[in-house]
$ cat entry.tsv   # TSV, C-alpha atoms
chain	number	residue	atom	x	y	z
A	9	LEU	CA	16.35	-13.03	-46.69
A	10	SER	CA	19.68	-14.63	-47.60
A	11	ARG	CA	21.54	-17.03	-45.33
A	12	THR	CA	24.28	-14.43	-44.90
A	13	THR	CA	21.74	-11.84	-43.75
A	14	GLN	CA	20.17	-14.34	-41.32
A	15	ALA	CA	23.58	-15.13	-39.84
A	16	ARG	CA	24.27	-11.44	-39.22
A	17	MET	CA	20.91	-10.76	-37.53
A	18	PRO	CA	21.11	-10.37	-33.71
A	19	SER	CA	19.25	-12.87	-31.54
A	20	ARG	CA	16.98	-10.09	-30.25
A	21	VAL	CA	15.83	-7.39	-32.67
A	22	PRO	CA	13.96	-4.16	-31.79
A	23	VAL	CA	10.25	-4.39	-32.51
A	24	SER	CA	10.30	-1.41	-34.90
A	25	MET	CA	13.11	-3.01	-36.90
A	26	ALA	CA	11.28	-6.33	-36.92
A	27	LYS	CA	8.10	-4.71	-38.26
A	28	ALA	CA	10.00	-2.92	-41.01
A	29	THR	CA	11.78	-6.14	-41.99
A	30	MET	CA	8.50	-8.04	-41.95
A	31	ARG	CA	6.87	-5.50	-44.29
A	32	SER	CA	9.87	-5.71	-46.60
A	33	LEU	CA	9.63	-9.49	-46.73
A	34	ILE	CA	5.91	-9.39	-47.50
A	35	LEU	CA	6.39	-6.84	-50.29
A	36	ARG	CA	9.28	-8.84	-51.76
A	37	ALA	CA	7.26	-12.02	-51.62
A	38	SER	CA	4.30	-10.43	-53.38
A	39	LYS	CA	6.49	-8.95	-56.13
A	40	ASP	CA	8.75	-11.90	-56.75
A	41	LYS	CA	6.06	-14.55	-56.12
A	42	ILE	CA	8.39	-16.41	-53.80
A	43	GLY	CA	7.21	-19.88	-52.81
A	44	SER	CA	5.49	-20.15	-49.42
A	45	ARG	CA	8.25	-22.32	-47.95
A	46	THR	CA	10.97	-19.80	-48.92
A	47	PHE	CA	8.95	-16.94	-47.48
A	48	ILE	CA	7.50	-18.45	-44.30
A	49	ARG	CA	10.77	-19.76	-42.85
A	50	PRO	CA	12.54	-16.37	-42.52
A	51	VAL	CA	9.35	-14.68	-41.29
A	52	TYR	CA	8.91	-17.39	-38.66
A	53	ASN	CA	12.55	-17.06	-37.54
A	54	LEU	CA	12.21	-13.29	-37.32
A	55	ALA	CA	8.99	-13.50	-35.30
A	56	LYS	CA	10.57	-16.09	-33.03
A	57	SER	CA	13.54	-13.79	-32.34
A	58	VAL	CA	11.37	-10.92	-31.10
A	59	MET	CA	8.78	-12.90	-29.13
A	60	PRO	CA	9.35	-13.06	-25.35
A	61	LYS	CA	10.47	-16.41	-23.98
A	62	ILE	CA	7.94	-18.38	-21.96
A	63	SER	CA	8.63	-18.72	-18.25
A	64	ASP	CA	9.17	-21.96	-16.37
A	65	THR	CA	5.65	-21.63	-14.96
A	66	GLU	CA	4.14	-21.27	-18.42
A	67	ARG	CA	6.18	-24.24	-19.67
A	68	ALA	CA	4.95	-26.37	-16.77
A	69	ALA	CA	1.36	-25.38	-17.55
A	70	LEU	CA	1.78	-26.23	-21.24
A	71	ASP	CA	3.30	-29.62	-20.46
A	72	SER	CA	0.70	-30.64	-17.87
A	73	GLY	CA	-2.88	-31.78	-18.12
A	74	THR	CA	-4.67	-33.22	-21.12
A	75	VAL	CA	-6.43	-31.93	-24.23
A	76	ALA	CA	-10.19	-31.68	-23.84
A	77	PHE	CA	-12.80	-29.79	-25.87
A	78	ASP	CA	-10.23	-27.03	-26.50
A	79	GLY	CA	-8.55	-29.43	-28.92
A	80	ASP	CA	-11.78	-29.58	-30.93
A	81	LEU	CA	-11.67	-25.79	-31.30
A	82	PHE	CA	-8.42	-26.07	-33.23
A	83	THR	CA	-9.72	-28.86	-35.47
A	84	GLY	CA	-12.86	-26.90	-36.29
A	85	ASP	CA	-15.03	-29.85	-35.27
A	86	VAL	CA	-16.78	-28.70	-32.10
A	87	SER	CA	-19.67	-30.72	-30.74
A	88	LEU	CA	-21.83	-28.84	-28.25
A	89	LYS	CA	-23.49	-32.10	-27.24
A	90	LYS	CA	-20.12	-33.60	-26.34
A	91	ILE	CA	-19.28	-30.56	-24.24
A	92	VAL	CA	-22.63	-30.66	-22.41
A	93	ASP	CA	-22.40	-34.42	-21.80
A	94	LYS	CA	-18.84	-34.28	-20.53
A	95	TYR	CA	-19.10	-31.19	-18.38
A	96	LYS	CA	-22.66	-31.45	-17.18
A	97	ALA	CA	-22.61	-30.14	-13.62
A	98	VAL	CA	-25.75	-30.26	-11.51
A	99	LEU	CA	-26.21	-29.02	-7.96
A	100	THR	CA	-27.38	-31.51	-5.38
A	101	PRO	CA	-30.57	-30.61	-3.49
A	102	GLU	CA	-28.46	-29.66	-0.46
A	103	GLU	CA	-26.20	-27.43	-2.55
A	104	GLU	CA	-29.14	-25.76	-4.29
A	105	SER	CA	-30.84	-25.14	-0.95
A	106	PHE	CA	-27.69	-23.51	0.44
A	107	LEU	CA	-27.41	-21.32	-2.66
A	108	ASN	CA	-31.03	-20.19	-2.45
A	109	ASN	CA	-31.20	-19.72	1.31
A	110	GLU	CA	-28.00	-19.20	3.32
A	111	THR	CA	-26.23	-17.52	0.39
A	112	GLU	CA	-29.22	-15.32	-0.31
A	113	VAL	CA	-29.33	-14.20	3.33
A	114	LEU	CA	-25.61	-13.38	3.23
A	115	CYS	CA	-26.11	-11.26	0.11
A	116	GLU	CA	-28.89	-9.31	1.80
A	117	MET	CA	-26.55	-8.55	4.72
A	118	LEU	CA	-23.90	-6.95	2.50
A	119	ASP	CA	-23.69	-3.17	2.19
A	120	SER	CA	-20.94	-2.38	-0.33
A	121	HIS	CA	-20.75	1.29	0.69
A	122	GLN	CA	-20.19	0.39	4.34
A	123	ILE	CA	-17.66	-2.33	3.46
A	124	ASP	CA	-15.67	0.06	1.25
A	125	ARG	CA	-15.77	2.75	3.92
A	126	ASP	CA	-14.71	0.46	6.76
A	127	GLN	CA	-12.30	-1.58	4.61
A	128	ASN	CA	-13.67	-4.67	6.34
A	129	LEU	CA	-16.75	-6.84	6.58
A	130	PRO	CA	-19.08	-6.02	9.49
A	131	PRO	CA	-18.73	-8.28	12.57
A	132	LYS	CA	-22.22	-9.72	12.02
A	133	VAL	CA	-21.23	-10.77	8.48
A	134	TRP	CA	-18.05	-12.44	9.71
A	135	GLN	CA	-20.10	-14.27	12.31
A	136	TYR	CA	-22.69	-15.42	9.76
A	137	ILE	CA	-19.97	-16.69	7.41
A	138	ARG	CA	-18.43	-18.70	10.24
A	139	GLU	CA	-21.65	-20.12	11.64
A	140	ASN	CA	-22.85	-21.29	8.23
A	141	LYS	CA	-19.50	-22.82	7.21
A	142	PHE	CA	-18.94	-20.63	4.17
A	143	MET	CA	-15.22	-21.17	4.74
A	144	GLY	CA	-15.66	-24.94	4.72
A	145	LEU	CA	-17.71	-25.42	1.57
A	146	VAL	CA	-15.34	-28.00	0.04
A	147	ILE	CA	-14.03	-29.53	3.28
A	148	PRO	CA	-15.46	-33.06	3.70
A	149	LYS	CA	-18.37	-33.54	6.09
A	150	SER	CA	-16.28	-35.99	8.07
A	151	PHE	CA	-14.16	-33.01	9.15
A	152	GLY	CA	-17.08	-30.68	9.81
A	153	GLY	CA	-17.30	-29.06	6.36
A	154	LYS	CA	-20.15	-28.91	3.88
A	155	GLY	CA	-18.60	-31.37	1.42
A	156	PHE	CA	-19.83	-29.40	-1.60
A	157	SER	CA	-18.58	-29.80	-5.16
A	158	GLY	CA	-16.36	-27.33	-6.97
A	159	HIS	CA	-19.36	-26.40	-9.11
A	160	ALA	CA	-21.41	-25.49	-6.04
A	161	HIS	CA	-18.50	-23.47	-4.65
A	162	ALA	CA	-18.30	-21.55	-7.95
A	163	LYS	CA	-22.06	-20.84	-8.03
A	164	ILE	CA	-22.05	-19.62	-4.42
A	165	VAL	CA	-19.08	-17.30	-4.99
A	166	GLU	CA	-20.64	-16.08	-8.24
A	167	LYS	CA	-23.82	-15.09	-6.43
A	168	ILE	CA	-21.97	-13.30	-3.62
A	169	ALA	CA	-19.76	-11.49	-6.14
A	170	GLY	CA	-22.87	-10.00	-7.71
A	171	ARG	CA	-23.44	-8.24	-4.39
A	172	ASN	CA	-19.93	-7.50	-3.12
A	173	GLY	CA	-16.47	-8.48	-4.35
A	174	ALA	CA	-14.74	-8.37	-0.97
A	175	ALA	CA	-17.22	-10.81	0.56
A	176	ALA	CA	-16.94	-13.10	-2.46
A	177	VAL	CA	-13.14	-13.26	-2.17
A	178	THR	CA	-13.43	-13.85	1.58
A	179	VAL	CA	-15.46	-16.98	0.84
A	180	MET	CA	-13.48	-18.01	-2.24
A	181	VAL	CA	-9.91	-18.03	-0.86
A	182	PRO	CA	-10.45	-20.49	2.03
A	183	ASN	CA	-12.13	-22.89	-0.40
A	184	SER	CA	-9.52	-22.67	-3.15
A	185	LEU	CA	-6.15	-21.06	-2.41
A	186	GLY	CA	-6.18	-21.66	1.33
A	187	PRO	CA	-4.36	-24.46	3.18
A	188	GLY	CA	-7.56	-26.47	3.67
A	189	GLU	CA	-7.31	-28.49	0.46
A	190	LEU	CA	-3.55	-28.93	0.88
A	191	LEU	CA	-4.07	-30.29	4.38
A	192	HIS	CA	-6.88	-32.56	3.18
A	193	HIS	CA	-4.69	-34.14	0.47
A	194	TYR	CA	-1.23	-34.02	2.05
A	195	GLY	CA	-1.61	-33.42	5.79
A	196	THR	CA	-0.91	-36.01	8.45
A	197	PRO	CA	-3.92	-37.58	10.22
A	198	GLU	CA	-3.14	-35.42	13.26
A	199	GLN	CA	-3.01	-32.23	11.16
A	200	LYS	CA	-6.29	-33.05	9.43
A	201	ALA	CA	-8.07	-33.85	12.69
A	202	TYR	CA	-6.93	-30.57	14.26
A	203	TYR	CA	-7.01	-28.02	11.44
A	204	LEU	CA	-9.83	-29.04	9.09
A	205	PRO	CA	-12.68	-28.73	11.64
A	206	ARG	CA	-11.29	-25.38	12.78
A	207	LEU	CA	-11.09	-24.14	9.18
A	208	ALA	CA	-14.59	-25.44	8.38
A	209	HIS	CA	-16.12	-23.53	11.31
A	210	GLY	CA	-14.08	-20.38	10.73
A	211	ILE	CA	-12.24	-20.69	14.04
A	212	ASP	CA	-9.08	-20.42	11.97
A	213	ILE	CA	-8.95	-18.20	8.87
A	214	PRO	CA	-6.54	-19.30	6.14
A	215	CYS	CA	-4.53	-17.47	3.52
A	216	PHE	CA	-2.05	-18.52	0.85
A	217	GLY	CA	1.28	-16.66	0.64
A	218	LEU	CA	2.51	-16.84	-2.96
A	219	THR	CA	2.73	-13.34	-4.43
A	220	GLY	CA	5.90	-11.33	-3.84
A	221	PRO	CA	7.49	-8.09	-5.14
A	222	PRO	CA	10.23	-9.76	-7.26
A	223	ASN	CA	8.06	-12.35	-9.00
A	224	GLY	CA	4.39	-11.39	-8.71
A	225	SER	CA	2.40	-14.62	-8.70
A	226	ASP	CA	4.87	-16.54	-10.88
A	227	ALA	CA	5.72	-19.47	-8.62
A	228	ALA	CA	8.67	-20.61	-10.74
A	229	SER	CA	10.38	-17.21	-10.46
A	230	MET	CA	10.00	-16.60	-6.74
A	231	ARG	CA	13.13	-16.05	-4.65
A	232	ASP	CA	11.66	-17.15	-1.33
A	233	GLU	CA	13.44	-20.19	0.01
A	234	GLY	CA	13.37	-22.60	2.91
A	235	ILE	CA	16.26	-24.59	4.32
A	236	VAL	CA	15.67	-27.77	6.30
A	237	CYS	CA	17.58	-27.54	9.57
A	238	VAL	CA	17.78	-28.97	13.09
A	239	GLU	CA	17.91	-26.56	16.02
A	240	ASN	CA	17.96	-27.67	19.65
A	241	GLY	CA	17.17	-31.19	18.50
A	242	VAL	CA	14.04	-30.09	16.61
A	243	LEU	CA	13.70	-30.65	12.85
A	244	GLY	CA	12.33	-27.56	11.16
A	245	MET	CA	12.57	-25.10	8.30
A	246	ARG	CA	14.35	-21.75	8.22
A	247	ILE	CA	12.46	-19.58	5.73
A	248	THR	CA	13.46	-16.31	4.06
A	249	CYS	CA	10.57	-14.68	2.21
A	250	ASN	CA	9.05	-11.40	1.09
A	251	LYS	CA	5.31	-11.54	0.37
A	252	ARG	CA	2.81	-8.92	-0.73
A	253	TYR	CA	-0.89	-8.67	-1.70
A	254	ILE	CA	-1.91	-11.79	0.22
A	255	THR	CA	-5.70	-11.97	0.49
A	256	LEU	CA	-6.95	-12.35	4.11
A	257	ALA	CA	-3.37	-12.04	5.48
A	258	PRO	CA	-4.32	-9.33	8.05
A	259	VAL	CA	-6.83	-11.67	9.73
A	260	ALA	CA	-5.38	-15.10	8.88
A	261	THR	CA	-4.39	-17.55	11.63
A	262	VAL	CA	-3.25	-20.37	9.30
A	263	VAL	CA	-0.88	-19.55	6.45
A	264	GLY	CA	-0.04	-21.70	3.45
A	265	LEU	CA	3.38	-20.41	2.44
A	266	ALA	CA	4.92	-20.94	-1.00
A	267	PHE	CA	8.72	-21.10	-1.20
A	268	ARG	CA	11.50	-23.08	-2.81
$ encode --input "entry.tsv" --output "structure tokens"
Amino acid sequence: LSRTTQARMPSRVPVSMAKATMRSLILRASKDKIGSRTFIRPVYNLAKSVMPKISDTERAALDSGTVAFDGDLFTGDVSLKKIVDKYKAVLTPEEESFLNNETEVLCEMLDSHQIDRDQNLPPKVWQYIRENKFMGLVIPKSFGGKGFSGHAHAKIVEKIAGRNGAAAVTVMVPNSLGPGELLHHYGTPEQKAYYLPRLAHGIDIPCFGLTGPPNGSDAASMRDEGIVCVENGVLGMRITCNKRYITLAPVATVVGLAFR
């Protein structure tokens, strides 16, 4: 692929044209025994021109965090012992008891046919979830929650999911996507004292409003926005948003809302 040809190529090429060009390059390379450097560069540039660009959300994900055992996968030097030692997660006696007792009872109460037919959990199931703090698994005990680990939360949801998906999501969202963790880390003392006990006991049901028609669940592409304003001497936020597919939204009393 000469420099002149590369200069004339559009920045975005149809996939069919790219495939045909790629085959041509491979055939030419095999016949002419072109050096790997001469061959790889134009193929790389061609592939780069047809690949979709990564979004701002994907870029943020790539640039955040650290490299753990996944880095070993790319080096080909994977140590199972290192993985087990680093990520060894063990349930506490209290967590294991909750998994084998309260969670087991909840599973026995679930009738998937009835739940699908009614499009809701039965009132007795809602009551059991509230009374046993299934919505406050990760909320600290000082605020009325169970204070369980993320591993225990995952094992509990895993067990419920084996019985019914709707019930599993009902327990999962308040302990992951819901406002509880946000309030715990970033809320004022007054907000924590008021909301966290109510969330732990299921008095309030949380949901997290991220997904919208224009952007799906891509936070960096959402068009929802908030403007800080003062009205009648009160500092507040005027929000314009359009949300869809928000789990627990029909019954939620506390909403964590994502916007710019």
$ atom_distance --input "entry.tsv" --atom1 "atom CA of Phe156 of chain A" --atom2 "atom CA of Ser184 of chain A"
12.4 Å
$ atom_distance --input "entry.tsv" --atom1 "atom CA of Met180 of chain A" --atom2 "atom CA of Cys249 of chain A"
24.7 Å
$ closest_atom_pairs --input "entry.tsv" --of "segment 126-191 of chain A" --to "segment 98-106 of chain A" --cutoff "10 Å" --atoms "all atoms listed in the file" --output "tab-separated table"
residue	atom	partner	partner_atom	distance
A:Asn140	CA	A:Phe106	CA	9.4
A:Phe142	CA	A:Phe106	CA	9.9
A:Leu145	CA	A:Glu103	CA	9.6
A:Lys154	CA	A:Glu103	CA	9.0
A:Gly155	CA	A:Glu103	CA	9.4
A:Phe156	CA	A:Glu103	CA	6.7
A:Ser157	CA	A:Leu99	CA	8.2
A:His159	CA	A:Leu99	CA	7.4
A:Ala160	CA	A:Glu103	CA	6.2
A:His161	CA	A:Glu103	CA	8.9
A:Lys163	CA	A:Leu99	CA	9.2
A:Ile164	CA	A:Phe106	CA	8.4
$ closest_residue --input "entry.tsv" --among "A:Gly220, A:Pro187, A:Pro258, A:Pro214" --to "Asp232 of chain A" --atoms "only C-alpha atoms"
A:Gly220
$ atom_distance --input "entry.tsv" --atom1 "atom CA of Gly144 of chain A" --atom2 "atom CA of Tyr253 of chain A"
22.9 Å
$ closest_residue --input "entry.tsv" --among "A:Tyr136, A:Gln122, A:Arg67, A:Lys167" --to "Asn108 of chain A" --atoms "only C-alpha atoms"
A:Lys167
$ closest_residue --input "entry.tsv" --among "A:Pro222, A:Gly234, A:Gly244, A:Gly210" --to "Val259 of chain A" --atoms "all atoms listed in the file"
A:Gly210
$ residues_around --input "entry.tsv" --residues "Ile137 of chain A" --least-positions-apart "5" --cutoff "10 Å" --atoms "all atoms listed in the file" --output "CSV table (one decimal) with C-alpha atoms, in the frame of the given file"
chain,number,residue,atom,x,y,z
A,110,GLU,CA,-28.0,-19.2,3.3
A,111,THR,CA,-26.2,-17.5,0.4
A,114,LEU,CA,-25.6,-13.4,3.2
A,131,PRO,CA,-18.7,-8.3,12.6
A,132,LYS,CA,-22.2,-9.7,12.0
A,142,PHE,CA,-18.9,-20.6,4.2
A,143,MET,CA,-15.2,-21.2,4.7
A,144,GLY,CA,-15.7,-24.9,4.7
A,175,ALA,CA,-17.2,-10.8,0.6
A,178,THR,CA,-13.4,-13.8,1.6
A,179,VAL,CA,-15.5,-17.0,0.8
A,209,HIS,CA,-16.1,-23.5,11.3
A,210,GLY,CA,-14.1,-20.4,10.7
$ residues_around --input "entry.tsv" --residues "Gly153 of chain A" --least-positions-apart "4" --cutoff "7 Å" --atoms "only C-alpha atoms" --output "list in words"
Lys141, Gly144, Leu145, Val146, Ile147, Pro148, Lys149 and Ala208 of chain A
$ closest_residue --input "entry.tsv" --among "A:Ala162, A:Thr196, A:Cys237, A:Lys251" --to "Asn223 of chain A" --atoms "only C-alpha atoms"
A:Lys251
$ residues_around --input "entry.tsv" --residues "segment 91-93 of chain A" --least-positions-apart "4" --cutoff "12 Å" --atoms "all atoms listed in the file" --output "VMD selection string"
chain A and resid 76 to 81 85 to 87 97 to 98
$ build_atoms --input "entry.tsv" --residues "segment 257-268 of chain A" --atoms "all heavy atoms" --output "short mmCIF file (atom, residue, chain, number, x, y, z; two decimals), in the frame of the given file"
data_model
loop_
_atom_site.label_atom_id
_atom_site.label_comp_id
_atom_site.auth_asym_id
_atom_site.auth_seq_id
_atom_site.Cartn_x
_atom_site.Cartn_y
_atom_site.Cartn_z
N ALA A 257 -4.56 -11.99 4.61
CA ALA A 257 -3.37 -12.04 5.48
C ALA A 257 -3.56 -11.26 6.79
O ALA A 257 -3.12 -11.74 7.85
CB ALA A 257 -2.14 -11.52 4.74
N PRO A 258 -4.19 -10.09 6.79
CA PRO A 258 -4.32 -9.33 8.05
C PRO A 258 -5.12 -10.05 9.13
O PRO A 258 -4.97 -9.75 10.32
CB PRO A 258 -5.02 -8.03 7.62
CG PRO A 258 -4.70 -7.89 6.17
CD PRO A 258 -4.68 -9.28 5.64
N VAL A 259 -5.99 -11.00 8.73
CA VAL A 259 -6.83 -11.67 9.73
C VAL A 259 -6.56 -13.17 9.79
O VAL A 259 -7.19 -13.89 10.57
CB VAL A 259 -8.34 -11.44 9.43
CG1 VAL A 259 -8.70 -9.97 9.60
CG2 VAL A 259 -8.69 -11.92 8.02
N ALA A 260 -5.62 -13.67 8.98
CA ALA A 260 -5.38 -15.10 8.88
C ALA A 260 -4.69 -15.64 10.13
O ALA A 260 -3.84 -14.97 10.73
CB ALA A 260 -4.54 -15.42 7.65
N THR A 261 -5.06 -16.86 10.51
CA THR A 261 -4.39 -17.55 11.63
C THR A 261 -3.67 -18.81 11.17
O THR A 261 -2.92 -19.40 11.91
CB THR A 261 -5.44 -17.93 12.70
OG1 THR A 261 -6.46 -18.73 12.09
CG2 THR A 261 -6.07 -16.70 13.31
N VAL A 262 -3.95 -19.24 9.90
CA VAL A 262 -3.25 -20.37 9.30
C VAL A 262 -2.76 -19.94 7.92
O VAL A 262 -3.57 -19.49 7.10
CB VAL A 262 -4.14 -21.61 9.15
CG1 VAL A 262 -3.37 -22.76 8.50
CG2 VAL A 262 -4.67 -22.05 10.51
N VAL A 263 -1.46 -20.05 7.69
CA VAL A 263 -0.88 -19.55 6.45
C VAL A 263 -0.29 -20.71 5.65
O VAL A 263 0.50 -21.49 6.16
CB VAL A 263 0.23 -18.52 6.74
CG1 VAL A 263 0.85 -18.01 5.42
CG2 VAL A 263 -0.32 -17.36 7.55
N GLY A 264 -0.70 -20.81 4.39
CA GLY A 264 -0.04 -21.70 3.45
C GLY A 264 1.03 -20.89 2.74
O GLY A 264 0.72 -19.91 2.05
N LEU A 265 2.28 -21.23 2.92
CA LEU A 265 3.38 -20.41 2.44
C LEU A 265 4.11 -21.10 1.29
O LEU A 265 4.53 -22.26 1.40
CB LEU A 265 4.38 -20.13 3.58
CG LEU A 265 5.44 -19.06 3.35
CD1 LEU A 265 4.79 -17.71 3.09
CD2 LEU A 265 6.37 -18.99 4.55
N ALA A 266 4.23 -20.39 0.17
CA ALA A 266 4.92 -20.94 -1.00
C ALA A 266 6.39 -20.48 -1.00
O ALA A 266 6.66 -19.28 -0.86
CB ALA A 266 4.23 -20.48 -2.29
N PHE A 267 7.30 -21.43 -1.13
CA PHE A 267 8.72 -21.10 -1.20
C PHE A 267 9.46 -22.26 -1.84
O PHE A 267 8.93 -23.36 -1.98
CB PHE A 267 9.29 -20.80 0.19
CG PHE A 267 9.13 -21.92 1.19
CD1 PHE A 267 10.10 -22.89 1.32
CD2 PHE A 267 7.99 -22.01 1.98
CE1 PHE A 267 9.96 -23.94 2.23
CE2 PHE A 267 7.83 -23.05 2.88
CZ PHE A 267 8.81 -24.01 3.01
N ARG A 268 10.68 -22.02 -2.21
CA ARG A 268 11.50 -23.08 -2.81
C ARG A 268 12.17 -23.89 -1.70
O ARG A 268 12.62 -23.34 -0.73
CB ARG A 268 12.58 -22.49 -3.72
CG ARG A 268 12.03 -21.88 -5.01
CD ARG A 268 13.19 -21.36 -5.85
NE ARG A 268 12.74 -20.81 -7.10
CZ ARG A 268 12.54 -21.52 -8.21
NH1 ARG A 268 12.75 -22.82 -8.19
NH2 ARG A 268 12.14 -20.95 -9.31
#
